[in-house]
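**Q** My structure is stored as upload04.cif, with mmCIF, C-alpha atoms.
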data_query
#
loop_
_atom_site.label_atom_id
_atom_site.label_comp_id
_atom_site.auth_asym_id
_atom_site.auth_seq_id
_atom_site.Cartn_x
_atom_site.Cartn_y
_atom_site.Cartn_z
CA MET A 262 0.00 0.00 0.00
CA GLU A 263 1.32 3.43 -0.88
CA ASN A 264 1.59 6.24 1.63
CA MET A 265 -1.42 8.50 1.02
CA ASP A 266 0.45 11.50 2.40
CA ASN A 267 2.76 11.35 -0.63
CA LYS A 268 -0.07 11.51 -3.16
CA PRO A 269 -2.61 14.22 -4.03
CA LYS A 270 -6.06 13.80 -2.56
CA PHE A 271 -8.09 11.43 -4.72
CA ARG A 272 -11.75 12.26 -5.32
CA PRO A 273 -13.96 9.26 -6.11
CA ASN A 274 -16.55 9.31 -8.87
CA GLN A 275 -19.68 10.80 -7.27
CA ASN A 276 -21.90 9.01 -9.80
CA LEU A 277 -20.95 5.65 -8.27
CA LYS A 278 -22.74 4.04 -5.35
CA LEU A 279 -21.11 4.61 -1.97
CA MET A 280 -19.47 1.17 -1.64
CA ASP A 281 -18.19 1.40 -5.22
CA GLN A 282 -16.62 4.75 -4.28
CA VAL A 283 -14.98 3.07 -1.28
CA ARG A 284 -13.51 0.34 -3.49
CA GLU A 285 -12.36 2.92 -6.05
CA VAL A 286 -10.39 4.86 -3.41
CA LEU A 287 -8.96 1.69 -1.84
CA ARG A 288 -7.68 0.54 -5.22
CA TYR A 289 -6.32 3.97 -6.09
CA TYR A 290 -4.14 3.84 -2.97
CA HIS A 291 -3.15 0.21 -3.69
CA TYR A 292 -4.66 -1.38 -0.59
CA ALA A 293 -4.39 -5.17 -0.50
CA TYR A 294 -7.47 -7.08 -1.66
CA ARG A 295 -7.89 -8.62 1.82
CA THR A 296 -7.85 -5.13 3.36
CA GLU A 297 -10.44 -4.00 0.79
CA GLN A 298 -12.72 -6.86 1.80
CA THR A 299 -12.26 -6.17 5.52
CA TYR A 300 -12.86 -2.41 5.25
CA CYS A 301 -15.98 -2.91 3.13
CA GLN A 302 -17.38 -5.41 5.63
CA TRP A 303 -16.90 -3.01 8.55
CA ILE A 304 -18.34 -0.05 6.67
CA LEU A 305 -21.43 -2.06 5.70
CA ARG A 306 -21.80 -3.27 9.28
CA TYR A 307 -21.58 0.32 10.52
CA ILE A 308 -24.26 1.49 8.06
CA ARG A 309 -26.56 -1.43 8.88
CA TYR A 310 -26.22 -0.77 12.61
CA PHE A 311 -28.14 2.47 12.03
CA GLY A 312 -30.86 0.85 9.93
CA GLY A 313 -29.08 0.63 6.59
CA LYS A 314 -30.90 3.59 5.04
CA THR A 315 -29.11 6.56 6.64
CA HIS A 316 -26.20 7.89 4.59
CA PRO A 317 -22.96 8.12 6.63
CA LYS A 318 -22.80 11.85 5.80
CA LEU A 319 -25.81 12.29 8.08
CA LEU A 320 -24.04 10.45 10.90
CA GLY A 321 -21.24 11.92 12.97
CA ALA A 322 -18.65 11.33 15.67
CA LYS A 323 -21.25 10.44 18.32
CA ASN A 324 -22.72 7.76 16.06
CA ILE A 325 -19.30 6.30 15.41
CA GLU A 326 -18.60 6.25 19.15
CA GLU A 327 -21.93 4.49 19.73
CA PHE A 328 -21.11 1.80 17.16
CA LEU A 329 -17.58 1.23 18.46
CA SER A 330 -18.77 1.14 22.05
CA HIS A 331 -21.41 -1.41 21.00
CA LEU A 332 -18.64 -3.59 19.55
CA ALA A 333 -16.65 -3.37 22.79
CA ASN A 334 -19.48 -3.74 25.30
CA GLU A 335 -22.11 -5.91 23.60
CA GLY A 336 -20.00 -7.52 20.90
CA LYS A 337 -17.11 -8.21 23.34
CA VAL A 338 -14.59 -7.70 20.53
CA THR A 339 -10.89 -7.41 21.24
CA ALA A 340 -9.07 -4.09 21.17
CA SER A 341 -7.42 -4.97 17.85
CA THR A 342 -10.79 -5.82 16.25
CA GLN A 343 -12.32 -2.58 17.45
CA ARG A 344 -9.30 -0.66 16.16
CA GLN A 345 -9.72 -2.37 12.78
CA ALA A 346 -13.36 -1.23 12.64
CA LEU A 347 -12.33 2.30 13.60
CA ASN A 348 -9.69 2.41 10.86
CA ALA A 349 -12.25 1.34 8.26
CA ILE A 350 -14.78 3.97 9.33
CA ILE A 351 -12.15 6.73 9.53
CA PHE A 352 -11.09 5.77 6.00
CA LEU A 353 -14.70 6.10 4.82
CA TYR A 354 -15.09 9.59 6.24
CA LYS A 355 -11.64 11.02 5.54
CA GLN A 356 -10.74 9.48 2.17
CA VAL A 357 -14.17 8.91 0.59
CA LEU A 358 -16.50 11.51 2.13
CA ASP A 359 -13.74 14.09 2.81
CA ILE A 360 -14.86 14.52 6.43
CA ASP A 361 -12.15 14.33 9.12
CA LEU A 362 -13.66 13.08 12.38
CA GLN A 363 -10.71 11.13 13.79
CA ASP A 364 -9.80 13.60 16.56
CA LYS A 365 -13.43 13.88 17.68
CA ILE A 366 -13.92 10.17 18.46
CA THR A 367 -13.39 8.72 21.95
CA PRO A 368 -14.95 5.23 21.92
CA ALA A 369 -15.01 2.77 24.80
CA ARG A 370 -11.89 0.72 24.21
CA GLY A 371 -12.04 -3.05 24.10
CA ARG A 372 -9.79 -4.69 26.65
CA ARG A 373 -6.61 -6.17 25.32
CA ALA A 374 -5.48 -9.13 27.35
CA ALA A 375 -1.72 -9.12 27.78
CA SER A 376 -0.75 -12.78 27.65
CA PRO A 377 2.50 -14.49 26.70
CA PRO A 378 2.53 -16.31 23.35
CA THR A 379 2.05 -20.07 23.14
CA VAL A 380 5.41 -21.68 22.45
CA MET A 381 6.26 -25.31 21.71
CA THR A 382 9.39 -27.10 22.85
CA GLN A 383 11.76 -28.33 20.16
CA ALA A 384 10.53 -31.87 20.82
CA GLU A 385 6.92 -30.77 20.24
CA VAL A 386 7.86 -29.01 17.01
CA GLN A 387 9.59 -32.18 15.87
CA ARG A 388 6.48 -34.25 16.63
CA ILE A 389 4.23 -31.94 14.62
CA LEU A 390 6.55 -31.68 11.61
CA SER A 391 7.08 -35.44 11.55
CA VAL A 392 3.37 -36.13 10.94
CA MET A 393 2.96 -33.53 8.18
CA GLU A 394 3.39 -34.27 4.48
CA GLY A 395 3.72 -32.55 1.12
CA LYS A 396 3.54 -28.81 0.52
CA PRO A 397 2.01 -27.99 3.97
CA ALA A 398 4.95 -29.74 5.65
CA LEU A 399 7.45 -27.64 3.69
CA MET A 400 5.59 -24.42 4.51
CA ALA A 401 5.42 -25.32 8.21
CA LYS A 402 9.15 -26.06 8.27
CA LEU A 403 9.85 -22.77 6.49
CA ILE A 404 7.84 -20.75 9.00
CA TYR A 405 9.53 -22.42 11.96
CA GLY A 406 12.95 -22.25 10.31
CA SER A 407 12.79 -18.61 9.21
CA GLY A 408 10.28 -16.93 11.52
CA MET A 409 8.06 -15.70 8.69
CA ARG A 410 4.40 -14.93 9.24
CA LEU A 411 1.79 -17.14 7.60
CA MET A 412 0.94 -14.74 4.76
CA GLU A 413 4.60 -13.88 4.21
CA CYS A 414 5.25 -17.57 3.56
CA ILE A 415 2.15 -17.98 1.39
CA ARG A 416 3.10 -14.93 -0.74
CA LEU A 417 6.74 -15.87 -1.21
CA ARG A 418 7.96 -15.44 -4.81
CA VAL A 419 10.61 -17.46 -6.64
CA GLN A 420 12.95 -14.45 -6.90
CA ASP A 421 12.80 -13.88 -3.13
CA VAL A 422 14.69 -17.09 -2.29
CA ASP A 423 18.45 -16.54 -2.46
CA PHE A 424 20.16 -19.94 -2.39
CA GLY A 425 23.60 -18.39 -2.85
CA GLN A 426 23.41 -16.49 0.43
CA ASN A 427 20.88 -18.75 2.22
CA LEU A 428 18.53 -15.80 2.61
CA ILE A 429 14.83 -15.12 2.15
CA PHE A 430 13.68 -11.63 1.17
CA VAL A 431 10.31 -10.82 2.72
CA ARG A 432 8.56 -8.24 0.54
CA GLY A 433 5.71 -6.12 1.83
CA GLY A 434 5.49 -7.70 5.27
CA LYS A 435 3.39 -6.32 8.10
CA GLY A 436 3.18 -2.56 7.74
CA GLY A 437 4.33 -2.83 4.13
CA LYS A 438 7.96 -3.29 5.21
CA ASP A 439 10.64 -5.38 3.51
CA ARG A 440 13.21 -7.40 5.45
CA THR A 441 15.63 -10.31 5.18
CA THR A 442 15.57 -13.55 7.14
CA ILE A 443 17.40 -16.87 7.02
CA LEU A 444 16.83 -19.81 4.70
CA PRO A 445 17.40 -22.99 6.75
CA GLN A 446 20.22 -25.07 5.31
CA ASN A 447 18.20 -28.26 5.80
CA LEU A 448 15.46 -26.94 3.51
CA ARG A 449 17.68 -26.08 0.53
CA ASN A 450 17.02 -29.30 -1.37
CA GLU A 451 13.28 -29.29 -0.65
CA MET A 452 13.01 -25.66 -1.72
CA LEU A 453 14.99 -26.33 -4.90
CA LYS A 454 12.61 -29.18 -5.79
CA GLN A 455 9.58 -27.00 -5.01
CA ILE A 456 10.82 -24.18 -7.23
CA ALA A 457 11.64 -26.65 -10.00
CA ALA A 458 8.02 -27.88 -9.80
CA VAL A 459 6.80 -24.26 -9.92
CA LYS A 460 8.83 -23.61 -13.07
CA SER A 461 7.40 -26.72 -14.72
CA LEU A 462 3.84 -25.69 -13.80
CA HIS A 463 4.48 -22.16 -15.06
CA HIS A 464 5.80 -23.50 -18.37
CA LYS A 465 2.60 -25.51 -18.78
CA ASP A 466 0.48 -22.42 -18.04
CA LEU A 467 2.39 -20.43 -20.65
CA GLU A 468 1.85 -23.14 -23.26
CA GLU A 469 -1.90 -22.97 -22.56
CA GLY A 470 -1.94 -19.20 -23.03
CA PHE A 471 -1.89 -18.16 -19.38
CA GLY A 472 0.99 -17.79 -16.89
CA ASP A 473 0.14 -14.44 -15.27
CA VAL A 474 0.34 -13.85 -11.53
CA TYR A 475 -0.76 -10.81 -9.56
CA ILE A 476 1.85 -8.07 -9.21
CA PRO A 477 1.41 -4.50 -7.89
CA GLU A 478 -0.28 -2.24 -10.43
CA ALA A 479 2.60 0.24 -10.57
CA LEU A 480 5.03 -2.54 -11.46
CA ALA A 481 2.61 -4.01 -13.97
CA ARG A 482 2.46 -0.67 -15.80
CA LYS A 483 6.23 -0.20 -15.74
CA TYR A 484 7.07 -3.81 -16.64
CA PRO A 485 4.19 -5.23 -18.71
CA LYS A 486 5.86 -8.66 -19.05
CA ALA A 487 6.69 -9.07 -15.35
CA ALA A 488 3.43 -10.87 -14.54
CA LYS A 489 4.53 -13.79 -16.73
CA ALA A 490 8.17 -13.81 -15.56
CA THR A 491 9.38 -16.88 -13.67
CA GLY A 492 10.82 -14.82 -10.83
CA TRP A 493 7.42 -13.37 -9.95
CA GLN A 494 5.71 -16.77 -9.69
CA TRP A 495 4.49 -17.91 -6.27
CA VAL A 496 6.70 -20.49 -4.54
CA PHE A 497 3.50 -22.13 -3.27
CA PRO A 498 0.96 -21.82 -6.10
CA ALA A 499 -2.63 -23.03 -6.06
CA LYS A 500 -3.45 -26.28 -7.87
CA LEU A 501 -5.95 -24.61 -10.18
CA ARG A 502 -6.04 -21.26 -11.96
CA SER A 503 -8.73 -18.81 -10.89
CA ARG A 504 -10.14 -15.47 -12.00
CA ASP A 505 -8.64 -12.41 -10.36
CA PRO A 506 -11.46 -10.55 -8.52
CA ARG A 507 -10.20 -7.13 -9.61
CA SER A 508 -8.95 -7.53 -13.17
CA GLY A 509 -11.14 -10.49 -14.11
CA LYS A 510 -8.12 -12.15 -15.76
CA GLU A 511 -7.58 -15.89 -15.31
CA MET A 512 -4.30 -16.48 -13.49
CA ARG A 513 -2.69 -18.70 -10.89
CA HIS A 514 -3.07 -17.49 -7.32
CA HIS A 515 -1.00 -18.64 -4.37
CA VAL A 516 -2.29 -21.45 -2.17
CA LEU A 517 -4.95 -20.40 0.36
CA GLU A 518 -3.74 -19.85 3.91
CA SER A 519 -6.50 -22.16 5.20
CA VAL A 520 -4.67 -25.11 3.60
CA LEU A 521 -1.73 -24.69 5.98
CA GLN A 522 -3.87 -23.65 8.94
CA LYS A 523 -5.93 -26.83 8.74
CA ALA A 524 -2.86 -28.99 8.17
CA VAL A 525 -1.10 -27.61 11.27
CA LYS A 526 -4.22 -28.08 13.38
CA ARG A 527 -4.60 -31.71 12.24
CA ALA A 528 -0.90 -32.35 12.85
CA ALA A 529 -1.10 -30.97 16.40
CA GLU A 530 -4.02 -33.27 17.17
CA LYS A 531 -2.29 -36.26 15.59
CA ALA A 532 0.92 -35.53 17.51
CA GLY A 533 -1.01 -35.31 20.79
CA ILE A 534 -0.09 -31.68 21.49
CA ASP A 535 -2.63 -30.28 23.96
CA LYS A 536 -1.53 -26.67 23.54
CA LYS A 537 -3.48 -24.31 21.30
CA VAL A 538 -1.25 -24.60 18.23
CA GLY A 539 -1.56 -22.62 15.00
CA CYS A 540 0.74 -21.42 12.25
CA HIS A 541 1.79 -18.40 14.31
CA THR A 542 2.88 -20.77 17.10
CA LEU A 543 5.65 -21.93 14.77
CA ARG A 544 6.84 -18.31 14.44
CA HIS A 545 6.65 -17.83 18.23
CA SER A 546 8.65 -21.03 18.70
CA PHE A 547 11.29 -19.84 16.19
CA ALA A 548 11.75 -16.60 18.13
CA THR A 549 11.93 -18.28 21.53
CA HIS A 550 14.33 -21.02 20.43
CA MET A 551 16.59 -18.44 18.75
CA LEU A 552 16.86 -16.55 22.05
CA GLU A 553 17.54 -19.80 23.90
CA ASN A 554 20.36 -20.44 21.42
CA GLY A 555 21.94 -17.11 22.33
CA VAL A 556 20.87 -14.92 19.39
CA ASN A 557 21.03 -11.20 20.19
CA ILE A 558 17.55 -9.76 20.69
CA ARG A 559 18.25 -6.89 18.27
CA VAL A 560 19.17 -9.39 15.56
CA LEU A 561 15.99 -11.35 16.31
CA GLN A 562 13.99 -8.12 16.07
CA GLU A 563 15.28 -7.63 12.52
CA LEU A 564 14.55 -11.24 11.55
CA LEU A 565 10.98 -11.00 12.83
CA GLY A 566 10.33 -7.54 11.37
CA HIS A 567 9.29 -5.93 14.65
CA ALA A 568 9.23 -2.12 14.63
CA ASP A 569 9.87 -1.98 18.39
CA VAL A 570 12.22 -4.23 20.36
CA LYS A 571 9.62 -4.30 23.15
CA THR A 572 7.51 -6.53 20.93
CA THR A 573 10.44 -8.93 20.63
CA GLU A 574 11.10 -8.85 24.38
CA ILE A 575 7.87 -10.76 25.07
CA TYR A 576 9.72 -13.92 24.05
CA THR A 577 12.17 -13.49 26.92
CA HIS A 578 9.26 -14.28 29.28
CA VAL A 579 8.58 -17.69 27.75
CA MET A 580 12.09 -18.91 26.89
CA ALA A 581 13.32 -21.90 28.87
CA ARG A 582 15.99 -21.16 31.46
CA ASP A 583 18.09 -23.72 33.29
CA ILE A 584 17.81 -22.64 36.95
CA ARG A 585 19.47 -25.75 38.34
CA SER A 586 22.89 -24.08 38.48
CA LEU A 587 21.59 -20.98 40.25
CA GLN A 588 22.38 -20.56 43.95
CA SER A 589 19.88 -19.32 46.47
CA PRO A 590 20.98 -16.16 48.34
CA LEU A 591 20.52 -18.12 51.56
CA ASP A 592 23.03 -20.72 50.40
CA THR A 593 25.43 -17.96 49.40
CA LEU A 594 25.11 -16.45 52.84
CA LEU A 595 25.60 -19.74 54.72
CA ASN A 596 28.43 -20.89 52.47
CA SER A 597 30.28 -17.68 53.28
CA GLY A 598 30.67 -18.94 56.88
CA LYS A 599 28.34 -16.41 58.48
CA ALA A 600 26.10 -17.80 61.19
CA ILE A 601 22.43 -16.96 61.53
CA SER A 602 20.99 -16.71 64.96
CA SER A 603 17.41 -17.85 65.54
CA ASN A 604 14.93 -16.25 67.90
CA THR A 605 12.51 -19.14 67.64
CA GLU A 606 12.19 -21.55 70.57
#
Show the structure stored in the file as structure tokens.
**A**
Amino acid sequence: MENMDNKPKFRPNQNLKLMDQVREVLRYYHYAYRTEQTYCQWILRYIRYFGGKTHPKLLGAKNIEEFLSHLANEGKVTASTQRQALNAIIFLYKQVLDIDLQDKITPARGRRAASPPTVMTQAEVQRILSVMEGKPALMAKLIYGSGMRLMECIRLRVQDVDFGQNLIFVRGGKGGKDRTTILPQNLRNEMLKQIAAVKSLHHKDLEEGFGDVYIPEALARKYPKAAKATGWQWVFPAKLRSRDPRSGKEMRHHVLESVLQKAVKRAAEKAGIDKKVGCHTLRHSFATHMLENGVNIRVLQELLGHADVKTTEIYTHVMARDIRSLQSPLDTLLNSGKAISSNTE
């Protein structure tokens, strides 16, 4: 997504229906398709909360506060969910309706429970990975071995895997940031085979008159042939081609995230892991085990793509520590030869 502060204010086509105007502005600023779907859902929910017939222009800050407070108090949503709804509504007013209400809104905030992340031991990770097969197994290993997020793994492109340096380039991660992380040595051969299979599949698509993948619109305009280039192909493509919801062109999308999510859940059950395990648990486990292995927390911050080291520090609370060699202060005192008198009878 491009920074809107660096672009002139875009005015949507007033002849379009409201939700079509919302989509027009979202696409102008290059918001991800998932974000477009999420924002539209929240905006529709906000409109329907007030009967579905009142135009948002006739609603104001108090109405927004009422809706957000309803989400927190009756809906029992988390703070992050409420913040997501707020962002969508602020976008509607500021970018589509040209009404800035952000500083006038003080909703009841949803409570955000501060809890340490669920982390598996290395033995538990081994048990889960050992019962997984095929493409999901490779993706799970890659997340645990590199610390990538689920969608960062799903959206990995062929050109982002550097076998020469054993690096993975994460493009457009959380917050639209790029970073570099490690390619596990033990996955080199599996990744080489996977990319060879991708190239073969891409060659077949080209022979059938297809072969395009989604690339950012600005790049597509500058490099018209990039969408068919091997380097831009997904490392984990879907089995079947599908029609792009925006352009309408038939192309090959990446595999759906639900494929890996379901596979990890089944593997955890099969391995007898009672913890609440998901794809992100593999990333949490990567971070914790790296700290246990002595990796500097600042280096780990860069690998994970955290903007603030405080986010990374949460893993210090769940890392295993060997306390068997520690000495109690009482033992230190007594071993020094100092006697302790007792007043008890």
**Q** Point out the residue among A:Ser546, A:Gln562, A:Asn276, A:Thr315 with the least atom-to-atom distance to Met381 in chain A, counting all atoms listed in the file.
**A**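 The shortest atom-to-atom distance to Met381 in chain A comes from A:Ser546.
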**Q** Please report, as a Markdown table, each residue of range 495-558 of chain A lying at most 12 Å from range 469-486 of chain A, together with the nearest pair of atoms and the separation in Å rounded to one decimal; use only C-alpha atoms, and order rows by chain and ascending residue number.
**A**
| residue | atom | partner | partner_atom | distance |
| --- | --- | --- | --- | --- |
| A:Trp495 | CA | A:Val474 | CA | 7.8 |
| A:Val496 | CA | A:Val474 | CA | 11.5 |
| A:Pro498 | CA | A:Val474 | CA | 9.7 |
| A:Ala499 | CA | A:Val474 | CA | 11.1 |
| A:Leu501 | CA | A:Gly472 | CA | 11.8 |
| A:Arg502 | CA | A:Phe471 | CA | 9.0 |
| A:Ser503 | CA | A:Val474 | CA | 10.4 |
| A:Arg504 | CA | A:Val474 | CA | 10.6 |
| A:Asp505 | CA | A:Tyr475 | CA | 8.1 |
| A:Pro506 | CA | A:Tyr475 | CA | 10.8 |
| A:Arg507 | CA | A:Tyr475 | CA | 10.1 |
| A:Ser508 | CA | A:Tyr475 | CA | 9.5 |
| A:Gly509 | CA | A:Tyr475 | CA | 11.3 |
| A:Lys510 | CA | A:Asp473 | CA | 8.6 |
| A:Glu511 | CA | A:Phe471 | CA | 7.4 |
| A:Met512 | CA | A:Asp473 | CA | 5.2 |
| A:Arg513 | CA | A:Val474 | CA | 5.8 |
| A:His514 | CA | A:Val474 | CA | 6.5 |
| A:His515 | CA | A:Val474 | CA | 8.7 |
**Q** Just write the chosen residues, C-alpha atoms, as a PDB file, in the coordinates of the input.
**A**
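This is the output file result.pdb:
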ATOM      1  CA  TRP A 495       4.490 -17.910  -6.270  1.00  0.00           C
ATOM      2  CA  VAL A 496       6.700 -20.490  -4.540  1.00  0.00           C
ATOM      3  CA  PRO A 498       0.960 -21.820  -6.100  1.00  0.00           C
ATOM      4  CA  ALA A 499      -2.630 -23.030  -6.060  1.00  0.00           C
ATOM      5  CA  LEU A 501      -5.950 -24.610 -10.180  1.00  0.00           C
ATOM      6  CA  ARG A 502      -6.040 -21.260 -11.960  1.00  0.00           C
ATOM      7  CA  SER A 503      -8.730 -18.810 -10.890  1.00  0.00           C
ATOM      8  CA  ARG A 504     -10.140 -15.470 -12.000  1.00  0.00           C
ATOM      9  CA  ASP A 505      -8.640 -12.410 -10.360  1.00  0.00           C
ATOM     10  CA  PRO A 506     -11.460 -10.550  -8.520  1.00  0.00           C
ATOM     11  CA  ARG A 507     -10.200  -7.130  -9.610  1.00  0.00           C
ATOM     12  CA  SER A 508      -8.950  -7.530 -13.170  1.00  0.00           C
ATOM     13  CA  GLY A 509     -11.140 -10.490 -14.110  1.00  0.00           C
ATOM     14  CA  LYS A 510      -8.120 -12.150 -15.760  1.00  0.00           C
ATOM     15  CA  GLU A 511      -7.580 -15.890 -15.310  1.00  0.00           C
ATOM     16  CA  MET A 512      -4.300 -16.480 -13.490  1.00  0.00           C
ATOM     17  CA  ARG A 513      -2.690 -18.700 -10.890  1.00  0.00           C
ATOM     18  CA  HIS A 514      -3.070 -17.490  -7.320  1.00  0.00           C
ATOM     19  CA  HIS A 515      -1.000 -18.640  -4.370  1.00  0.00           C
TER      20      HIS A 515
END
**Q** For a quick check of understanding, using all atoms listed in the file, which of A:Gln588, A:Thr342, A:Gln275, A:Gln363 has the smallest distance to Thr299 in chain A?
**A**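 Closest to Thr299 in chain A, using all atoms listed in the file: A:Thr342.
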**Q** I need the residue nearest Lys435 in chain A from this list: A:Ile351, A:Ala568, A:Leu552, A:Leu320. Use all atoms listed in the file for the distance.
**A**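 Of the candidates, the smallest distance to Lys435 in chain A is held by A:Ala568.
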**Q** Tell me which of A:Gln446, A:Ser597, A:Gln298, A:Ser391 sits closest to Lys531 in chain A, counting all atoms listed in the file.
**A**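 Selected residue with least distance to Lys531 in chain A: A:Ser391.
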**Q** Need to verify the contact set: Leu543 in chain A, 8 Å, only C-alpha atoms, exclusion of same-chain residues closer than 5 positions in sequence. Can you return it as a PDB file with C-alpha atoms, in the frame of the given file?
**A**
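That gives us selection-v8.pdb:
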ATOM      1  CA  VAL A 380       5.410 -21.680  22.450  1.00  0.00           C
ATOM      2  CA  MET A 381       6.260 -25.310  21.710  1.00  0.00           C
ATOM      3  CA  VAL A 386       7.860 -29.010  17.010  1.00  0.00           C
ATOM      4  CA  ALA A 401       5.420 -25.320   8.210  1.00  0.00           C
ATOM      5  CA  ILE A 404       7.840 -20.750   9.000  1.00  0.00           C
ATOM      6  CA  TYR A 405       9.530 -22.420  11.960  1.00  0.00           C
ATOM      7  CA  GLY A 408      10.280 -16.930  11.520  1.00  0.00           C
TER       8      GLY A 408
END
**Q** Could you write out as an MDAnalysis selection string the residues that the PyMOL selection byres ((chain A and resi 549) around 12) matches in the shown file?
**A** chainID A and resid 377:383 405:406 408 542:548 550:558 561:562 565 573:582
